[in-house]
Structures are given as structure tokens and as C-alpha cells.
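Everything below concerns the one structure shown next.
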Amino acid sequence: MPLQQKTPDVDLIPSAWVEDALQNICDYAYLGSSPLANLKQVEPLLKSDQATHLDRGKAVYQSISGAVEKLRPETEMPKASIPREWYSYIILHDAYFNGLPNRDIILKLYISEGTFHRTRRSALRAVTRVLCEIEIAQS
């Protein structure tokens, strides 16, 4: 019988909240007003007790950015053909943090639109799970 790992309650943080935050990742005011600003993991990232909603937004940015960075493979990204292990990281990073259009990312990775969307959804679920795991660890 295989060992079962205890998985965090992925409903703790809805992936819709994470996707919404990613879509507005450069807007600290928006992030500071999002439901993610109330996460326990955001508190240690605040610099003072008198943090404004903008400070909270910056802390949410750091939290989400850190979760996305966990998708980044340990190996150096090759200059030529990009291996599949890089797809999730590149899709989220290029789409949300760099603001590249989906078609440019699809061309960069030489993948179909369907593969792009499946990989993006999977990467979003992975980032949401990372945030849930960190939140549970903060409890």
C-alpha cells in the first residue's frame, strides 16, 4: 500500500483569487485590497506595524512572486530549445510579470494554444497549492 501524503486543503485559497492577483500583479493598490492581503504569510513581509494597503500590496506581490519562483527549475535555461520542465514557470512569469501576449509565449515555446492553456491552468494550481502550504505552515 503506497504512503499517502497529507495534502493541504486547496480550497483554503481559491485559485480564482490567485489568478486575479496575477492579472493585477503590478498594481499594489489592487493587491493590497485583495483577499490575499489577509493571509498569515503576508504579515511577516510587512516592514512596520503601521503598514498601508500599498505596503500590504507589495507583500502580496512578494508572496505570489516567491510562489511562482518555486516553479523555476534548478537548471539553467537553455538558449535554444526550451525543455518542457520550464513551461509552467515561463508561461506564468512571461504572461503576468513581463506582460507578454499569449501568442508570443506560444511561439517562444513552440507549443499549441491548447497546451499553453492546459499548462497555465496546471501552473496556476501549483502556485495556489504552494500558497496554501505556506499558509498552513504559518498556522
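Scheme for the C-alpha cells: letters A, B, ... for chains in order shown; per-chain residue numbers from 1; ligand numbers from 1 in order shown.
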Would you list, as a ChimeraX atom specification, the residues of chain A that end up in helix (DSSP H, G or I) under DSSP run on this structure's backbone? /A:15-23,28-33,35-38,40-45,53-69,84-97,102-109,113-138
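Look at Asp55 of chain A: the protein and nucleic acid residues within 9 Å of it, using only C-alpha atoms and passing over chain neighbours fewer than 5 places away, are Tyr28, Ala29, Gly32, Leu46, Lys47 and Val60 of chain A.
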Those residues you just picked out, can you put them in a file as a CSV table (one decimal), in the first residue's frame with C-alpha atoms?
```csv
chain,number,residue,atom,x,y,z
A,28,TYR,CA,0.0,47.3,-5.4
A,29,ALA,CA,-3.2,49.2,-4.5
A,32,GLY,CA,-3.4,45.4,-1.0
A,46,LEU,CA,5.4,43.9,6.2
A,47,LYS,CA,8.1,46.3,7.3
A,60,VAL,CA,1.2,40.1,-1.6
```
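Contact shell of Pro35 of chain A at 10 Å (only C-alpha atoms; same-chain neighbours under 2 positions omitted): Ile13, Pro14, Trp17, Val18, Ala21, Leu31, Gly32, Ser33, Ala37, Asn38, Leu39 and Val60 of chain A.
Of the residues listed (A:Leu131, A:Leu92, A:Ala80, A:Ala137), A:Ala80 shows the shortest atom-to-atom separation from Lys108 of chain A; distances use only C-alpha atoms.
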For segment 68-73 of chain A, work out the shell of residues within 8 Å, counting only C-alpha atoms and skipping chain neighbours fewer than 3 positions away, then give it as number ranges by chain. A: 64-65, 76, 85-86, 88-89, 92-93, 123, 127
Expected file: the selected residues, all heavy atoms, as a compact mmCIF listing (two decimals), in the first residue's frame:
```
# COMPACT_ATOMS: atom_id res chain seq x y z
N ILE A 64 3.35 36.07 -3.85
CA ILE A 64 3.00 35.42 -5.12
C ILE A 64 4.24 35.22 -5.98
O ILE A 64 4.43 34.16 -6.58
CB ILE A 64 1.92 36.22 -5.87
CG1 ILE A 64 0.61 36.17 -5.09
CG2 ILE A 64 1.73 35.70 -7.29
CD1 ILE A 64 -0.47 37.04 -5.64
N SER A 65 5.08 36.22 -6.04
CA SER A 65 6.31 36.12 -6.82
C SER A 65 7.17 34.96 -6.31
O SER A 65 7.73 34.19 -7.11
CB SER A 65 7.09 37.44 -6.73
OG SER A 65 8.31 37.34 -7.39
N GLU A 76 19.93 25.73 -15.58
CA GLU A 76 19.98 26.98 -16.33
C GLU A 76 19.12 26.85 -17.58
O GLU A 76 19.12 25.82 -18.24
CB GLU A 76 21.43 27.26 -16.72
CG GLU A 76 21.63 28.60 -17.34
CD GLU A 76 22.56 29.46 -16.53
OE1 GLU A 76 23.01 29.05 -15.46
OE2 GLU A 76 22.84 30.56 -17.00
N GLU A 85 10.17 21.17 -18.80
CA GLU A 85 10.19 21.48 -17.37
C GLU A 85 10.13 22.99 -17.09
O GLU A 85 9.78 23.42 -16.00
CB GLU A 85 11.42 20.88 -16.70
CG GLU A 85 12.72 21.48 -17.17
CD GLU A 85 13.95 20.73 -16.70
OE1 GLU A 85 13.86 19.50 -16.56
OE2 GLU A 85 14.99 21.36 -16.48
N TRP A 86 10.45 23.79 -18.09
CA TRP A 86 10.44 25.24 -17.95
C TRP A 86 9.08 25.86 -18.30
O TRP A 86 8.84 27.03 -18.01
CB TRP A 86 11.52 25.87 -18.85
CG TRP A 86 12.86 25.79 -18.23
CD1 TRP A 86 13.79 24.78 -18.35
CD2 TRP A 86 13.47 26.78 -17.39
NE1 TRP A 86 14.90 25.09 -17.62
CE2 TRP A 86 14.74 26.31 -17.03
CE3 TRP A 86 13.05 28.01 -16.90
CZ2 TRP A 86 15.59 27.03 -16.21
CZ3 TRP A 86 13.90 28.73 -16.09
CH2 TRP A 86 15.16 28.23 -15.74
N SER A 88 5.84 25.76 -17.31
CA SER A 88 4.97 26.36 -16.29
C SER A 88 5.53 27.70 -15.81
O SER A 88 4.79 28.69 -15.72
CB SER A 88 4.80 25.41 -15.11
OG SER A 88 4.09 24.27 -15.49
N TYR A 89 6.80 27.70 -15.49
CA TYR A 89 7.42 28.93 -14.99
C TYR A 89 7.39 30.03 -16.05
O TYR A 89 6.97 31.16 -15.78
CB TYR A 89 8.87 28.66 -14.56
CG TYR A 89 9.59 29.93 -14.21
CD1 TYR A 89 9.36 30.58 -13.00
CD2 TYR A 89 10.51 30.50 -15.09
CE1 TYR A 89 10.02 31.76 -12.68
CE2 TYR A 89 11.17 31.67 -14.78
CZ TYR A 89 10.92 32.29 -13.58
OH TYR A 89 11.57 33.46 -13.26
N LEU A 92 3.74 31.53 -16.69
CA LEU A 92 3.27 32.47 -15.67
C LEU A 92 4.14 33.72 -15.59
O LEU A 92 3.63 34.83 -15.52
CB LEU A 92 3.22 31.79 -14.30
CG LEU A 92 2.16 30.71 -14.11
CD1 LEU A 92 2.11 30.26 -12.65
CD2 LEU A 92 0.79 31.15 -14.56
N HIS A 93 5.43 33.53 -15.61
CA HIS A 93 6.34 34.67 -15.47
C HIS A 93 6.22 35.63 -16.66
O HIS A 93 6.08 36.85 -16.48
CB HIS A 93 7.78 34.20 -15.30
CG HIS A 93 8.70 35.30 -14.92
ND1 HIS A 93 9.39 36.04 -15.85
CD2 HIS A 93 9.03 35.81 -13.72
CE1 HIS A 93 10.10 36.96 -15.23
NE2 HIS A 93 9.91 36.84 -13.93
N ALA A 123 -0.08 25.26 -13.84
CA ALA A 123 0.87 26.12 -13.12
C ALA A 123 0.13 26.97 -12.09
O ALA A 123 0.62 27.17 -10.97
CB ALA A 123 1.63 27.00 -14.10
N VAL A 127 0.88 27.01 -8.06
CA VAL A 127 1.16 28.21 -7.28
C VAL A 127 0.15 28.36 -6.15
O VAL A 127 0.52 28.69 -5.01
CB VAL A 127 1.18 29.46 -8.20
CG1 VAL A 127 1.17 30.75 -7.38
CG2 VAL A 127 2.39 29.42 -9.11
```
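Rounded to one decimal, atom CA of Ser63 of chain A and atom CA of Cys26 of chain A lie 13.2 Å from each other.
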So the first atom is atom CA of Ile134 of chain A and the second is atom CA of Arg84 of chain A; what is the distance between them in Å, to one decimal place? 26.1 Å
Which distance in Å separates atom CA of Glu135 of chain A and atom CA of Arg118 of chain A, to one decimal? 25.8 Å
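Take the candidates A:Leu124, A:Ile82, A:Cys132, A:Ala16 and check each one against Tyr96 of chain A using only C-alpha atoms; the shortest distance goes to A:Leu124.
If only C-alpha atoms are the atoms counted, then among A:Gln138, A:Gln23, A:Ser112, A:Ser34 the closest residue to Phe97 of chain A is A:Gln23.
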